[in-house]
Amino acid sequence: MPVFSHDARELTTLNLLKSVFISVYILWLILISAFAFARISGGGEPLLSWFGLWLAAFSPLLFFIKAFLFKYPRTPRHPVEFSILCGLGLAITMVMSYRFGDAAGNLHIWAGITLLGWLAYLRW
């Protein structure tokens, strides 16, 4: 009789947890992308900080939009282009936070949470 690392209850709990995580993460991406885009459109200062946050949030969101709309049979294990864009957005917000200090706010933290969520999604 084979030995499995998880029984059926653990698997359903993990699947439920993963589904909740993905749903909450996609909602986070939509809200952050929309908020950053609204601030960019309204001329929020510093503009590059808001652009970096938008880039950090919109690139993973674009991955999910592409996956849900076009129904590709397989996605790559690690879609590097989306990770690079998300990391670039974080780097932009960090540089702007260093340059402008308190005027840039905590956008680098929001971008960092977005990148950590993306890496958690890729790992899971």
# chains A, B, ... in the order shown; residues from 1 in each chain; ligands from 1

$ residues_around --residues "Ser97 of chain A" --least-positions-apart "2" --cutoff "12 Å" --atoms "only C-alpha atoms" --output "PyMOL selection string"
chain A and resi 45-50+52-53+90-95+99-111

$ residues_around --residues "Leu116 of chain A" --least-positions-apart "5" --cutoff "12 Å" --atoms "only C-alpha atoms" --output "list in words"
Tyr25, Ala56, Ala57, Pro60, Ser83, Cys86, Gly87, Leu90, Ile109, Trp110, Ala111, Tyr121, Leu122 and Arg123 of chain A

$ atom_distance --atom1 "atom CA of Ser33 of chain A" --atom2 "atom CA of Ala120 of chain A"
18.9 Å

$ select_by_dssp --residues "chain A" --states "helix (DSSP H, G or I)" --output "ChimeraX atom specification"
/A:8-41,47-70,80-104,107-123

$ closest_residue --among "A:Leu55, A:Ile30, A:Val20, A:Leu14" --to "Leu85 of chain A" --atoms "only C-alpha atoms"
A:Leu55

$ closest_residue --among "A:Met96, A:Ile22, A:Leu61, A:Leu69" --to "Ala34 of chain A" --atoms "only C-alpha atoms"
A:Leu61

$ atom_distance --atom1 "atom CA of Ile32 of chain A" --atom2 "atom CA of Phe82 of chain A"
16.3 Å

$ closest_residue --among "A:Ile65, A:Leu119, A:Ile26, A:Ala38" --to "Ile84 of chain A" --atoms "only C-alpha atoms"
A:Leu119
